[in-house]
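Enquirer: Structure in structure tokens, see below.
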Amino acid sequence: MHDNMEIPVGPQHPALKEPASFRLSLSGEKIMQASVRLGYNHRGIEKACEERTYIQDLYLIERICGICSHAHSTAFAQAVEEIAGVNLPKRAAYIRTLVGELERIHSHLLWLGVAGHEIGFDTLLMYTWADREIVMDILANVTGNRVNYGINSLGGVRRDISPEQVRQIAKAMDALEERTKYYIELASVETTLINRLSGVGVMSKKDVLRLGTVGPTARASGVARDVRKDDPYAAYAEINFNVVTDNHNDIYGRTIVRLGELMESFNIIRQVIKNLPDGPIAVKVARKIPSGEAVSRYEAPRGEDLHYVKANGTESPERVKVRAPTLANIQSVAFMLEDRYLADMPIVVAAIDPCFSCTDRSIAIKDAEGKGKKKKIVDWESLRLHGIEWYSKQGIDFTALNKRFKR
Amino acid sequence: MLKALFNILIFPGFLFLIIFGLAAEFYDRKIYARFQNRVGPPWFQPFADFVKLVAKENIIPEQADAYVFKLVPVFALTSVVTAFFYIPLWKTGALYSFNGDMIVVLYLLTIPTVALFLAGWYSCSVYSTLGAMRSLTQLFAYEIPLLTSILASALLANTWSLSKITVFYSLHPGLWAFNLLGFIISVVTLMGKLEKGPFDIPEAETEIVAGSLTEYSGKLLALFRLTIDIEMIVGASLLAAVFLPFGLTLHPAIGFILFLLKVLLIVSIISLFRTVLARLRIDQMVNFCWKYIAPLAFLQVLINLIVKWTLVR
Amino acid sequence: MNEEEKIQQELLKNFAFLENKIKIQRVRRIFIEVPLEKFFAVFDYAVKNLGVSMLSALSGLDEGENFSFIYHLALANGIMLNFKTGVAKNAPLLKTVTGYFPSAEIYERELADLLGVEVIGLKKGKRYPLPDNWPEGQYPLRKGWKKEALNKQEDKKNA
């Protein structure tokens, strides 16, 4: 058997839903060394923000990530509102909180399914993603979109919610709570699940503090780090909720924390719809934002999301800096992978709930020359031509079909 | 001669096995989907997949050994089909039999795993190599308990021939009930052999893409997939003959329906386990087999020895 | 006296030159400007004595003649200290803080890639976030940088 075989996981790999590259040095099934390369999703959004107006940026920033889009857009809006000196209407703050928590529910259910898939437990994936549809329907109903809700505007929110929607939300919460209780029970009795998650990806409280991880990854190691409590924004200061922590220090703990947070989210949403204040949902914000700077923090489903905005008195920001939670967490992954089994790699990576799209924010340079003359990277068009040629050699000709379906 | 050719190529040989194998794959996928609240594929999906793969281009990696790469799927397919002729299906006695055919069948059923190992090893890709190593590691974990539990049943029947095992249990109805533990063990180990359920470690998608078969495509992949489907039928038939040997002396039509039901029952059990369990790690799998399954298999041998001394004389 | 003012007083007591450099922008937000030569003394003191729980982020800004860097430090009680320092653009050198916060590595690589700041003491490793074949001397977050600069280089290569 090879000593120290090097295995590439990514940039394209079935375990990764987004491109990132992990190089694992293996001895048998054990990972001796792991290195991470990111940046495949860098799209230059920070630079693009400087060239657009604040209101355009709000929608651009929402597209940093498809899962925690509300987190980014709220964090950005908060920073701009702080610089502009706008007082957010109470009703708007509550609606932002509501959408934020709905987003957390859908994100955590999504995570649970992905985690199931990574450990070869596809039934869990099918179950949780079916249940996730409940909250997706609510999000579509409340905001008009399943992803990239576009609910925020500078100075408030764009849509109000009706008493009918409040009733639907309440009903959905009851249904989801029942399902979540079932998953909590499942997590406590299902042996193969516990065996695959316990003692994997261990990070002690000390390591969490040293490496600066955030979100459920930190909370599962007993670090009660939650921006909603520490640095309340939107309506969280007026809402009664617990920060869920756990002392398992491993992926099992992170599962418990996320399940517990689901229960807390139902609780928060119930308080929000019960105490929803009356009043306007938005105030006007001038197009030109005065000079100034602000730091805004938001507890995204994956952890603390930080935006720094600097304004220069024009319609466009001077600088926008986004630090997504995955960037804070990714550095702990290499640490957690070392001396573990290869089989644990997908779940260890998945356990921080990575969102590389959030993290990298490029301009790609195409290099079709490859290394040396002999091994050429085949480009898309020649690959397609090869396909047509190969099939016509087999006596299958698509040209007639292509003509028939040509519009 | 003509009859033998018909038996080998059409019924119950090659053609029957292809159709039954693909139908069983459909059944497995459908109930797996229904267990997961999904709709599942239409009945012709495995057939369509097969036809589609056969129409596709074979791509053989530059570094791979092209000869071995092309040969192993054929090798694997022929060995599982050969094994099928020595298994009694719906009557006592198989198409062909001789004293010691049980060992030959078990040996022939090991070949697909070895073929998977060779396929992975000679593909020369990191994922395939890892998959190949895992296939082999897994083989050493499940093969002994599988062999032991089948041996236990043969011990009671006092023969090395599968056909004579069925004859013995038809003469002593009810004795098969003592082999229940062995049946459970062999179903679990069969899942390891078929790389299904919690034991799909050698082809764990999220870790090593498709394991040994990562580099395979086109007709060769179609052959491998067909082999795995037929292996499932042959494995289930073997367990049905050894552990569920009832209804074999009835009318052949009833016996045939019973045979189909027995095979589908075993496939259902496998699908159920696949639904409710997460994939184990290779170390956990080896541990599980040696700590629990192997001792239980030896317990079965002990039970059968006691039964033999007390009940059967 | 609230928590924010206490921190302000404590910093002023130890570093008198910070007079008028500490701004409490709002509750839980403190901005502190420190010149580079004294920066690490203040930073060191803050990390060791003010209950810093983590380095949340490191922002780099292009301000014409200078680069500015803001170290966003989160305290356990929710207060965020924003230490700002600057360096002249023609000699963009910065000392690493990975000794205090290992997680700063990736933030500092980002500065190196996007702004072209040389971070002293940063161990060798893969770059982030730009691709490996990104041309030398192209720093997208600098104010004057336009993406056309890349195309020109491409054209030169192809010609």
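Here's how to read the names in the structure tokens: chain A, B, ... by the order shown, residue numbers from 1 in each chain, ligand numbers from 1 in the order shown.
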Which residues are close to Tyr100 (chain C), i.e. within 10 Å by only C-alpha atoms, leaving aside same-chain residues fewer than 4 positions away? Reply as a list in words.
Expert: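 With the cut-off at 10 Å, the set is Arg210 and Leu211 of chain A; Phe43, Asp44, Val47, Lys48, Met54, Leu55, Thr96 and Ala104 of chain C.
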Enquirer: Would you kindly report the residues of chain C within 8 Å of chain A, using only C-alpha atoms, as number ranges by chain?
Expert: C: 28-29, 53-57, 59, 61, 76-79, 101-103, 106, 126-131, 133-134, 140-141
Enquirer: Can you write out the residues you just picked, keeping N, CA and C atoms, as a PDB file, in the first residue's frame?
Expert:
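Okay, result.pdb is ready:
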ATOM      1  N   ARG C  28     -21.629  49.987  22.336  1.00  0.00           N
ATOM      2  CA  ARG C  28     -20.859  48.801  21.936  1.00  0.00           C
ATOM      3  C   ARG C  28     -19.962  49.006  20.705  1.00  0.00           C
ATOM      4  N   ARG C  29     -19.773  50.226  20.253  1.00  0.00           N
ATOM      5  CA  ARG C  29     -18.878  50.439  19.105  1.00  0.00           C
ATOM      6  C   ARG C  29     -17.838  51.500  19.458  1.00  0.00           C
ATOM      7  N   SER C  53     -12.358  38.509  22.964  1.00  0.00           N
ATOM      8  CA  SER C  53     -12.664  37.100  22.747  1.00  0.00           C
ATOM      9  C   SER C  53     -12.234  36.631  21.370  1.00  0.00           C
ATOM     10  N   MET C  54     -12.267  37.489  20.383  1.00  0.00           N
ATOM     11  CA  MET C  54     -11.734  37.071  19.074  1.00  0.00           C
ATOM     12  C   MET C  54     -11.509  38.261  18.154  1.00  0.00           C
ATOM     13  N   LEU C  55     -10.707  38.006  17.116  1.00  0.00           N
ATOM     14  CA  LEU C  55     -10.537  38.974  16.045  1.00  0.00           C
ATOM     15  C   LEU C  55     -11.624  38.672  15.021  1.00  0.00           C
ATOM     16  N   SER C  56     -12.605  39.557  14.945  1.00  0.00           N
ATOM     17  CA  SER C  56     -13.731  39.262  14.057  1.00  0.00           C
ATOM     18  C   SER C  56     -13.366  39.420  12.604  1.00  0.00           C
ATOM     19  N   ALA C  57     -12.613  40.450  12.300  1.00  0.00           N
ATOM     20  CA  ALA C  57     -12.241  40.672  10.907  1.00  0.00           C
ATOM     21  C   ALA C  57     -11.110  41.667  10.842  1.00  0.00           C
ATOM     22  N   SER C  59     -10.145  44.678   8.108  1.00  0.00           N
ATOM     23  CA  SER C  59     -10.507  45.363   6.870  1.00  0.00           C
ATOM     24  C   SER C  59      -9.332  46.181   6.379  1.00  0.00           C
ATOM     25  N   LEU C  61      -8.266  49.280   3.718  1.00  0.00           N
ATOM     26  CA  LEU C  61      -8.850  50.350   2.916  1.00  0.00           C
ATOM     27  C   LEU C  61      -7.767  51.060   2.128  1.00  0.00           C
ATOM     28  N   ALA C  76     -15.962  39.880  24.873  1.00  0.00           N
ATOM     29  CA  ALA C  76     -16.950  38.888  25.298  1.00  0.00           C
ATOM     30  C   ALA C  76     -18.283  39.558  25.642  1.00  0.00           C
ATOM     31  N   ASN C  77     -18.259  40.820  26.108  1.00  0.00           N
ATOM     32  CA  ASN C  77     -19.509  41.466  26.498  1.00  0.00           C
ATOM     33  C   ASN C  77     -20.221  42.157  25.328  1.00  0.00           C
ATOM     34  N   GLY C  78     -19.786  41.873  24.119  1.00  0.00           N
ATOM     35  CA  GLY C  78     -20.511  42.396  22.969  1.00  0.00           C
ATOM     36  C   GLY C  78     -19.953  43.679  22.405  1.00  0.00           C
ATOM     37  N   ILE C  79     -19.025  44.323  23.137  1.00  0.00           N
ATOM     38  CA  ILE C  79     -18.423  45.553  22.626  1.00  0.00           C
ATOM     39  C   ILE C  79     -17.451  45.206  21.504  1.00  0.00           C
ATOM     40  N   PHE C 101      -3.758  35.853  17.090  1.00  0.00           N
ATOM     41  CA  PHE C 101      -4.941  35.184  16.550  1.00  0.00           C
ATOM     42  C   PHE C 101      -4.550  34.362  15.317  1.00  0.00           C
ATOM     43  N   PRO C 102      -4.442  33.036  15.453  1.00  0.00           N
ATOM     44  CA  PRO C 102      -4.089  32.214  14.289  1.00  0.00           C
ATOM     45  C   PRO C 102      -5.061  32.433  13.134  1.00  0.00           C
ATOM     46  N   SER C 103      -6.293  32.779  13.485  1.00  0.00           N
ATOM     47  CA  SER C 103      -7.308  32.935  12.441  1.00  0.00           C
ATOM     48  C   SER C 103      -7.066  34.170  11.578  1.00  0.00           C
ATOM     49  N   ILE C 106      -5.858  34.158   7.270  1.00  0.00           N
ATOM     50  CA  ILE C 106      -6.599  34.279   6.013  1.00  0.00           C
ATOM     51  C   ILE C 106      -6.974  35.737   5.721  1.00  0.00           C
ATOM     52  N   LYS C 126      -0.751  28.784   0.775  1.00  0.00           N
ATOM     53  CA  LYS C 126      -1.470  29.073  -0.464  1.00  0.00           C
ATOM     54  C   LYS C 126      -2.083  30.455  -0.409  1.00  0.00           C
ATOM     55  N   ARG C 127      -2.164  31.109  -1.578  1.00  0.00           N
ATOM     56  CA  ARG C 127      -2.726  32.446  -1.590  1.00  0.00           C
ATOM     57  C   ARG C 127      -4.244  32.399  -1.454  1.00  0.00           C
ATOM     58  N   TYR C 128      -4.815  33.517  -1.101  1.00  0.00           N
ATOM     59  CA  TYR C 128      -6.258  33.636  -0.992  1.00  0.00           C
ATOM     60  C   TYR C 128      -6.625  35.077  -1.253  1.00  0.00           C
ATOM     61  N   PRO C 129      -7.673  35.388  -1.977  1.00  0.00           N
ATOM     62  CA  PRO C 129      -8.609  34.508  -2.676  1.00  0.00           C
ATOM     63  C   PRO C 129      -8.371  34.442  -4.178  1.00  0.00           C
ATOM     64  N   LEU C 130      -7.318  35.055  -4.697  1.00  0.00           N
ATOM     65  CA  LEU C 130      -7.170  35.112  -6.148  1.00  0.00           C
ATOM     66  C   LEU C 130      -6.562  33.822  -6.694  1.00  0.00           C
ATOM     67  N   PRO C 131      -6.802  33.518  -7.984  1.00  0.00           N
ATOM     68  CA  PRO C 131      -6.265  32.296  -8.575  1.00  0.00           C
ATOM     69  C   PRO C 131      -4.746  32.312  -8.637  1.00  0.00           C
ATOM     70  N   ASN C 133      -2.728  31.735 -10.986  1.00  0.00           N
ATOM     71  CA  ASN C 133      -2.091  32.339 -12.160  1.00  0.00           C
ATOM     72  C   ASN C 133      -2.449  33.819 -12.314  1.00  0.00           C
ATOM     73  N   TRP C 134      -2.877  34.417 -11.227  1.00  0.00           N
ATOM     74  CA  TRP C 134      -3.192  35.850 -11.249  1.00  0.00           C
ATOM     75  C   TRP C 134      -1.909  36.637 -11.498  1.00  0.00           C
ATOM     76  N   PRO C 140      -6.734  44.190  -7.091  1.00  0.00           N
ATOM     77  CA  PRO C 140      -8.061  44.664  -7.479  1.00  0.00           C
ATOM     78  C   PRO C 140      -8.712  45.651  -6.508  1.00  0.00           C
ATOM     79  N   LEU C 141      -8.364  45.596  -5.246  1.00  0.00           N
ATOM     80  CA  LEU C 141      -9.086  46.500  -4.338  1.00  0.00           C
ATOM     81  C   LEU C 141      -8.453  47.884  -4.246  1.00  0.00           C
TER      82      LEU C 141
END
Enquirer: Identify all chain A residues at most 8 Å from chain B by counting only C-alpha atoms; ligands do not count. Present them as a PyMOL selection string.
Expert: chain A and resi 5-7+13-16+116-123+126-127+192-193+196+342-346+390
Enquirer: By how many Å are CA of Ile254 (chain B) and CA of Met191 (chain B) apart?
Expert: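 Value for the CA of Ile254 (chain B)-CA of Met191 (chain B) distance: 27.9 Å.
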Enquirer: Do you know which residues are at most 8 Å from Leu337 (chain A) counting only C-alpha atoms, after dropping those on the same chain fewer than 5 positions away, and could you put them as a PyMOL selection string?
Expert: chain A and resi 31+33-34+201+344-345+348
Enquirer: Just the residues within 12 Å of Arg29 (chain B), please, counting only C-alpha atoms, with nothing from its chain fewer than 6 positions along; format it as a list in words.
Expert: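 Near Arg29 (chain B), the qualifying residues are Leu22, Ala23, Phe35, Gln36, Arg38, Val39, Gly40, Pro41, Pro42, Trp43, Phe44, Gln45, Pro46, Lys196, Asp229, Val267, Ser268, Ile270, Ser271, Leu272, Arg274 and Thr275 of chain B.
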Enquirer: Hey, what's within 8 Å of region 69-78 of chain B if we count only C-alpha atoms and toss same-chain stuff fewer than 2 positions away? As a PyMOL selection string, please?
Expert: chain B and resi 60+64-67+80-82+111-112+115-116+118-119+122-123+220-221+223-224+226-227
Enquirer: Pick out each residue of region 34-112 of chain C that DSSP on the backbone tags as strand (DSSP E or B); I need them as JSON, numbers by chain.
Expert: {"C": [52, 53, 54, 55, 56, 57, 58, 59, 60, 61, 62, 63, 66, 67, 68, 69, 70, 71, 72, 73, 74, 75, 80, 81, 82, 83, 84, 85, 86, 87, 88, 93, 94, 95]}
Enquirer: Leaving out region 6-19 of chain C and any residue of its chain fewer than 4 positions from it, which residues lie within 9 Å of it when counting only C-alpha atoms, given as a ChimeraX atom specification?
Expert: /C:1-2,23-24,30,32-34,42,45-46,50
